[in-house]
>>> print(open('my_file.txt').read())   # compact mmCIF, C-alpha atoms
# COMPACT_ATOMS: atom_id res chain seq x y z
CA MET A 286 -45.26 -9.37 -20.40
CA PRO A 287 -43.62 -7.55 -17.46
CA SER A 288 -41.74 -4.48 -18.48
CA GLN A 289 -38.07 -4.05 -17.60
CA ALA A 290 -37.19 -1.24 -15.17
CA ARG A 291 -35.52 1.31 -17.43
CA PRO A 292 -34.75 4.97 -16.81
CA THR A 293 -37.27 7.29 -18.40
CA THR A 294 -37.15 11.05 -18.80
CA VAL A 295 -39.90 12.60 -16.72
CA HIS A 296 -39.05 16.29 -16.71
CA ALA A 297 -36.79 18.60 -18.70
CA ALA A 298 -35.34 21.37 -16.54
CA SER A 299 -35.23 24.94 -17.73
CA GLU A 300 -31.40 24.84 -17.93
CA GLY A 301 -31.65 21.97 -20.38
CA ASP A 302 -30.60 19.27 -17.89
CA LYS A 303 -32.79 16.19 -17.77
CA PHE A 304 -33.88 14.34 -14.67
CA SER A 305 -34.09 10.61 -15.13
CA ALA A 306 -36.02 8.31 -12.81
CA ASP A 307 -36.41 4.58 -12.92
CA HIS A 308 -39.44 2.47 -12.06
CA GLU A 309 -37.82 0.84 -9.02
CA LEU A 310 -38.94 2.36 -5.74
CA VAL A 311 -37.19 2.28 -2.37
CA ALA A 312 -39.00 2.65 0.96
CA VAL A 313 -37.61 5.35 3.28
CA ASP A 314 -38.72 6.65 6.67
CA CYS A 315 -38.93 10.32 7.63
CA PRO A 316 -36.80 10.80 10.74
CA THR A 317 -39.20 13.46 12.09
CA CYS A 318 -42.67 11.94 11.70
CA HIS A 319 -41.60 8.34 10.96
CA ILE A 320 -43.92 8.09 7.98
CA ARG A 321 -42.81 5.50 5.46
CA TYR A 322 -42.97 6.43 1.79
CA ALA A 323 -41.30 5.40 -1.47
CA ILE A 324 -38.85 7.30 -3.63
CA PRO A 325 -37.17 6.29 -6.90
CA ALA A 326 -34.05 4.18 -6.37
CA SER A 327 -31.96 6.59 -8.46
CA LEU A 328 -32.99 9.48 -6.16
CA GLU A 329 -32.05 7.43 -3.09
CA ARG A 330 -28.63 6.56 -4.60
CA SER A 331 -27.97 10.23 -5.41
CA ALA A 332 -29.09 11.40 -1.96
CA ARG A 333 -26.76 8.87 -0.30
CA ARG A 334 -23.90 9.86 -2.60
CA TYR A 335 -24.25 13.54 -1.74
CA PRO A 336 -25.35 13.81 1.93
CA GLY A 337 -27.34 16.94 2.85
CA ASP A 338 -24.97 18.18 5.55
CA GLN A 339 -22.51 19.23 2.83
CA ALA A 340 -22.74 22.54 0.95
CA ASN A 341 -24.45 21.06 -2.11
CA GLY A 342 -25.91 17.93 -0.54
CA TRP A 343 -29.26 16.49 -1.42
CA ARG A 344 -32.16 17.17 0.92
CA LEU A 345 -35.34 15.11 0.76
CA SER A 346 -38.87 15.97 1.88
CA CYS A 347 -41.48 13.61 3.22
CA PRO A 348 -45.15 13.91 2.10
CA LEU A 349 -45.88 15.98 5.23
CA GLY A 350 -43.15 18.50 4.28
CA HIS A 351 -40.38 17.59 6.73
CA THR A 352 -36.94 18.16 5.18
CA TRP A 353 -34.32 15.54 5.94
CA TRP A 354 -31.13 14.11 4.44
CA PHE A 355 -28.76 11.24 4.72
CA VAL A 356 -25.90 11.98 7.08
CA GLY A 357 -22.34 10.83 7.32
CA GLU A 358 -19.85 9.73 4.80
CA SER A 359 -21.20 8.57 1.46
CA GLU A 360 -20.31 5.10 0.26
CA GLU A 361 -18.22 6.65 -2.51
CA ASP A 362 -16.26 8.78 0.00
CA ARG A 363 -15.77 5.79 2.31
CA LEU A 364 -14.45 3.66 -0.55
CA ARG A 365 -12.24 6.52 -1.77
CA ARG A 366 -10.77 6.92 1.73
CA ALA A 367 -10.25 3.15 2.07
CA LEU A 368 -8.51 3.09 -1.33
CA LYS A 369 -6.22 5.94 -0.25
CA VAL A 370 -5.31 4.04 2.94
CA GLU A 371 -4.65 0.85 0.98
CA ARG A 372 -2.47 2.69 -1.54
CA ARG A 373 -0.48 4.30 1.28
CA GLU A 374 -0.01 0.86 2.92
CA ALA A 375 1.02 -0.68 -0.42
CA GLY A 376 3.58 2.10 -0.90
CA ARG A 377 4.96 1.55 2.61
CA LEU A 378 5.23 -2.20 2.04
CA ALA A 379 6.92 -1.64 -1.32
CA ALA A 380 9.45 0.70 0.32
CA GLU A 381 10.14 -1.87 3.05
CA ARG A 382 10.58 -4.58 0.41
CA ASP A 383 12.98 -2.40 -1.59
CA GLN A 384 14.95 -1.57 1.56
CA ALA A 385 15.19 -5.25 2.50
CA ARG A 386 16.37 -6.13 -1.02
CA ALA A 387 19.02 -3.37 -0.90
CA THR A 388 20.23 -4.57 2.50
CA ALA A 389 20.43 -8.16 1.23
CA ARG A 390 22.40 -7.01 -1.83
CA ALA A 391 24.82 -5.05 0.37
CA GLN A 392 25.34 -8.02 2.69
CA LYS A 393 25.91 -10.33 -0.24
CA ALA A 394 28.44 -7.88 -1.72
CA ARG A 395 30.27 -7.65 1.65
CA ALA A 396 30.40 -11.45 1.92
CA THR A 397 31.69 -11.72 -1.66
CA ARG A 398 34.40 -9.12 -1.00
CA PHE A 399 35.46 -10.91 2.17
CA ARG A 400 35.56 -14.27 0.37
CA ASN A 401 37.57 -12.78 -2.50
CA ASP A 402 40.05 -11.16 -0.11
CA ARG A 403 40.41 -14.39 1.83
CA ASP A 404 40.92 -16.46 -1.32
CA ARG A 405 43.41 -13.92 -2.70
CA GLU A 406 45.39 -14.06 0.56
CA ARG A 407 45.36 -17.86 0.58
CA GLY A 408 46.59 -17.89 -2.99
CA ARG A 409 49.43 -15.55 -2.12
CA VAL A 410 50.40 -17.68 0.86
CA ALA A 411 50.24 -20.82 -1.28
CA ALA A 412 52.56 -19.09 -3.77
CA GLY A 413 55.02 -18.45 -0.97
CA VAL A 414 54.27 -14.77 -0.20
CA CYS A 415 54.29 -13.85 3.47
CA PRO A 416 51.01 -12.08 4.38
CA CYS A 417 52.76 -9.94 6.99
CA CYS A 418 55.83 -8.62 5.18
CA ASN A 419 55.02 -9.41 1.52
CA ARG A 420 58.33 -11.22 0.99
CA THR A 421 58.49 -14.41 -1.03
CA PHE A 422 59.92 -17.50 0.68
CA ALA A 423 60.57 -20.97 -0.64
CA ASN A 424 59.61 -22.66 2.58
CA LEU A 425 56.84 -20.37 3.89
CA ALA A 426 55.62 -22.74 6.56
CA ARG A 427 58.98 -22.77 8.26
CA HIS A 428 59.23 -18.98 7.92
CA MET A 429 55.73 -18.38 9.37
CA LYS A 430 56.44 -20.65 12.32
CA GLY A 431 59.78 -19.02 13.05
CA GLN A 432 59.22 -15.33 12.18
CA HIS A 433 55.48 -14.87 12.75
CA PRO A 434 54.48 -17.50 15.35
CA GLY A 435 51.19 -15.83 16.36
CA PHE A 436 49.86 -15.34 12.84
CA GLY A 437 46.58 -17.13 12.14
CA GLY A 438 45.53 -17.42 15.76
CA SER A 439 47.85 -20.29 16.71
CA PRO A 440 49.89 -19.57 19.86
CA PRO A 441 53.68 -19.84 19.62
CA SER A 442 54.82 -23.39 20.16
CA GLU A 443 57.29 -24.19 22.86
CA GLY A 444 60.12 -26.25 21.77
>>> encode(input="my_file.txt", output="structure tokens")
Amino acid sequence: MPSQARPTTVHAASEGDKFSADHELVAVDCPTCHIRYAIPASLERSARRYPGDQANGWRLSCPLGHTWWFVGESEEDRLRRALKVERREAGRLAAERDQARATARAQKARATRFRNDRDRERGRVAAGVCPCCNRTFANLARHMKGQHPGFGGSPPSEG
């Protein structure tokens, strides 16, 4: 029966920390001598996560003693940076959406006020109140034509 690849404790450090290695091996090449050798997959994942060019990065050694390390941004850092960019973009889009909603609400309120004012004025005129001088007249149409001929955009009639 083939055994499952499970982490096993191989060495207990003097500080009490334990190093765990799995049975899966990953082939790597030394950048100096180009020798190919295998290291545990967990070691390779840790070395990629903490590149050696940082203060506490992981440095590896090939069988001939050359020290090397993975360079550049770790996958975790790249994903963290991408998440930060996406969150910033989501915040910007949310702010734009909120601004658009506020603008739409303001425009709707302006239109409602205009409609209400117009309807109120029409009601007053229908009740016989002159919109120019606020006097009440029984025959408003005749009054508007005679006293306020230019009201409402219609030019004065000749006659």
>>> atom_distance(input="my_file.txt", atom1="atom CA of Gly408 of chain A", atom2="atom CA of Ala391 of chain A")
25.5 Å
>>> residues_around(input="my_file.txt", residues="Gly342 of chain A", least_positions_apart="6", cutoff="8 Å", atoms="all atoms listed in the file", output="PyMOL selection string")
chain A and resi 332+335-336
>>> atom_distance(input="my_file.txt", atom1="atom CA of Leu310 of chain A", atom2="atom CA of Pro325 of chain A")
4.5 Å
>>> closest_residue(input="my_file.txt", among="A:Leu328, A:Leu378, A:Leu345, A:Cys418", to="Pro316 of chain A", atoms="all atoms listed in the file")
A:Leu345
>>> atom_distance(input="my_file.txt", atom1="atom CA of Leu425 of chain A", atom2="atom CA of Val410 of chain A")
7.6 Å
>>> residues_around(input="my_file.txt", residues="Glu406 of chain A", least_positions_apart="6", cutoff="12 Å", atoms="all atoms listed in the file", output="ChimeraX atom specification")
/A:399-400,412-417,419
>>> residues_near_point(input="my_file.txt", point="(-43.3, 18.2, 2.2)", cutoff="12 Å", atoms="all atoms listed in the file", output="PDB file with C-alpha atoms, in the frame of the given file")
ATOM      1  CA  CYS A 315     -38.930  10.320   7.630  1.00  0.00           C
ATOM      2  CA  THR A 317     -39.200  13.460  12.090  1.00  0.00           C
ATOM      3  CA  CYS A 318     -42.670  11.940  11.700  1.00  0.00           C
ATOM      4  CA  ILE A 320     -43.920   8.090   7.980  1.00  0.00           C
ATOM      5  CA  TYR A 322     -42.970   6.430   1.790  1.00  0.00           C
ATOM      6  CA  ARG A 344     -32.160  17.170   0.920  1.00  0.00           C
ATOM      7  CA  LEU A 345     -35.340  15.110   0.760  1.00  0.00           C
ATOM      8  CA  SER A 346     -38.870  15.970   1.880  1.00  0.00           C
ATOM      9  CA  CYS A 347     -41.480  13.610   3.220  1.00  0.00           C
ATOM     10  CA  PRO A 348     -45.150  13.910   2.100  1.00  0.00           C
ATOM     11  CA  LEU A 349     -45.880  15.980   5.230  1.00  0.00           C
ATOM     12  CA  GLY A 350     -43.150  18.500   4.280  1.00  0.00           C
ATOM     13  CA  HIS A 351     -40.380  17.590   6.730  1.00  0.00           C
ATOM     14  CA  THR A 352     -36.940  18.160   5.180  1.00  0.00           C
ATOM     15  CA  TRP A 353     -34.320  15.540   5.940  1.00  0.00           C
TER      16      TRP A 353
END
>>> build_atoms(input="my_file.txt", residues="segment 327-338 of chain A", atoms="all heavy atoms", output="mmCIF file, in the frame of the given file")
data_model
loop_
_atom_site.group_PDB
_atom_site.id
_atom_site.type_symbol
_atom_site.label_atom_id
_atom_site.label_comp_id
_atom_site.auth_asym_id
_atom_site.auth_seq_id
_atom_site.Cartn_x
_atom_site.Cartn_y
_atom_site.Cartn_z
ATOM 1 N N SER A 327 -33.025 5.700 -7.989
ATOM 2 C CA SER A 327 -31.960 6.590 -8.460
ATOM 3 C C SER A 327 -31.860 7.831 -7.579
ATOM 4 O O SER A 327 -30.767 8.320 -7.302
ATOM 5 C CB SER A 327 -32.211 6.992 -9.914
ATOM 6 O OG SER A 327 -33.457 7.660 -10.032
ATOM 7 N N LEU A 328 -32.993 8.335 -7.074
ATOM 8 C CA LEU A 328 -32.990 9.480 -6.160
ATOM 9 C C LEU A 328 -32.329 9.090 -4.837
ATOM 10 O O LEU A 328 -31.533 9.841 -4.285
ATOM 11 C CB LEU A 328 -34.417 9.978 -5.928
ATOM 12 C CG LEU A 328 -34.572 11.113 -4.911
ATOM 13 C CD1 LEU A 328 -33.838 12.358 -5.375
ATOM 14 C CD2 LEU A 328 -36.047 11.400 -4.682
ATOM 15 N N GLU A 329 -32.641 7.907 -4.346
ATOM 16 C CA GLU A 329 -32.050 7.430 -3.090
ATOM 17 C C GLU A 329 -30.537 7.272 -3.231
ATOM 18 O O GLU A 329 -29.772 7.664 -2.354
ATOM 19 C CB GLU A 329 -32.710 6.102 -2.682
ATOM 20 C CG GLU A 329 -32.378 5.662 -1.278
ATOM 21 C CD GLU A 329 -31.382 4.525 -1.227
ATOM 22 O OE1 GLU A 329 -31.063 3.962 -2.291
ATOM 23 O OE2 GLU A 329 -30.910 4.217 -0.128
ATOM 24 N N ARG A 330 -30.073 6.716 -4.358
ATOM 25 C CA ARG A 330 -28.630 6.560 -4.600
ATOM 26 C C ARG A 330 -27.937 7.923 -4.637
ATOM 27 O O ARG A 330 -26.891 8.124 -4.036
ATOM 28 C CB ARG A 330 -28.384 5.805 -5.909
ATOM 29 C CG ARG A 330 -28.569 4.311 -5.799
ATOM 30 C CD ARG A 330 -28.048 3.593 -7.041
ATOM 31 N NE ARG A 330 -28.677 4.049 -8.274
ATOM 32 C CZ ARG A 330 -29.781 3.543 -8.793
ATOM 33 N NH1 ARG A 330 -30.412 2.545 -8.203
ATOM 34 N NH2 ARG A 330 -30.272 4.012 -9.919
ATOM 35 N N SER A 331 -28.552 8.889 -5.320
ATOM 36 C CA SER A 331 -27.970 10.230 -5.410
ATOM 37 C C SER A 331 -27.954 10.914 -4.047
ATOM 38 O O SER A 331 -26.981 11.570 -3.686
ATOM 39 C CB SER A 331 -28.745 11.088 -6.404
ATOM 40 O OG SER A 331 -28.618 10.549 -7.701
ATOM 41 N N ALA A 332 -29.022 10.770 -3.277
ATOM 42 C CA ALA A 332 -29.090 11.400 -1.960
ATOM 43 C C ALA A 332 -28.053 10.795 -1.008
ATOM 44 O O ALA A 332 -27.487 11.491 -0.176
ATOM 45 C CB ALA A 332 -30.490 11.246 -1.376
ATOM 46 N N ARG A 333 -27.803 9.495 -1.128
ATOM 47 C CA ARG A 333 -26.760 8.870 -0.300
ATOM 48 C C ARG A 333 -25.369 9.287 -0.760
ATOM 49 O O ARG A 333 -24.458 9.419 0.040
ATOM 50 C CB ARG A 333 -26.886 7.347 -0.349
ATOM 51 C CG ARG A 333 -28.010 6.815 0.481
ATOM 52 C CD ARG A 333 -27.944 5.299 0.553
ATOM 53 N NE ARG A 333 -29.086 4.760 1.222
ATOM 54 C CZ ARG A 333 -29.213 4.657 2.553
ATOM 55 N NH1 ARG A 333 -28.245 5.091 3.329
ATOM 56 N NH2 ARG A 333 -30.293 4.143 3.080
ATOM 57 N N ARG A 334 -25.207 9.472 -2.067
ATOM 58 C CA ARG A 334 -23.900 9.860 -2.600
ATOM 59 C C ARG A 334 -23.510 11.265 -2.184
ATOM 60 O O ARG A 334 -22.349 11.560 -1.944
ATOM 61 C CB ARG A 334 -23.906 9.748 -4.125
ATOM 62 C CG ARG A 334 -22.540 10.090 -4.732
ATOM 63 C CD ARG A 334 -22.488 9.889 -6.214
ATOM 64 N NE ARG A 334 -22.602 8.469 -6.509
ATOM 65 C CZ ARG A 334 -23.246 7.983 -7.566
ATOM 66 N NH1 ARG A 334 -23.817 8.793 -8.413
ATOM 67 N NH2 ARG A 334 -23.314 6.698 -7.767
ATOM 68 N N TYR A 335 -24.512 12.146 -2.108
ATOM 69 C CA TYR A 335 -24.250 13.540 -1.740
ATOM 70 C C TYR A 335 -25.077 13.881 -0.501
ATOM 71 O O TYR A 335 -26.158 14.457 -0.612
ATOM 72 C CB TYR A 335 -24.613 14.473 -2.897
ATOM 73 C CG TYR A 335 -23.919 14.108 -4.177
ATOM 74 C CD1 TYR A 335 -24.608 13.488 -5.211
ATOM 75 C CD2 TYR A 335 -22.560 14.360 -4.342
ATOM 76 C CE1 TYR A 335 -23.952 13.134 -6.383
ATOM 77 C CE2 TYR A 335 -21.910 14.013 -5.501
ATOM 78 C CZ TYR A 335 -22.622 13.397 -6.523
ATOM 79 O OH TYR A 335 -21.971 13.052 -7.672
ATOM 80 N N PRO A 336 -24.567 13.554 0.699
ATOM 81 C CA PRO A 336 -25.350 13.810 1.930
ATOM 82 C C PRO A 336 -25.684 15.282 2.098
ATOM 83 O O PRO A 336 -24.934 16.162 1.683
ATOM 84 C CB PRO A 336 -24.409 13.335 3.045
ATOM 85 C CG PRO A 336 -23.426 12.427 2.383
ATOM 86 C CD PRO A 336 -23.291 12.917 0.973
ATOM 87 N N GLY A 337 -26.823 15.573 2.723
ATOM 88 C CA GLY A 337 -27.340 16.940 2.850
ATOM 89 C C GLY A 337 -26.566 17.845 3.779
ATOM 90 O O GLY A 337 -26.744 19.043 3.743
ATOM 91 N N ASP A 338 -25.706 17.301 4.636
ATOM 92 C CA ASP A 338 -24.970 18.180 5.550
ATOM 93 C C ASP A 338 -23.822 18.882 4.845
ATOM 94 O O ASP A 338 -23.172 19.733 5.423
ATOM 95 C CB ASP A 338 -24.475 17.403 6.765
ATOM 96 C CG ASP A 338 -23.600 16.222 6.399
ATOM 97 O OD1 ASP A 338 -23.565 15.843 5.211
ATOM 98 O OD2 ASP A 338 -22.962 15.665 7.309
#
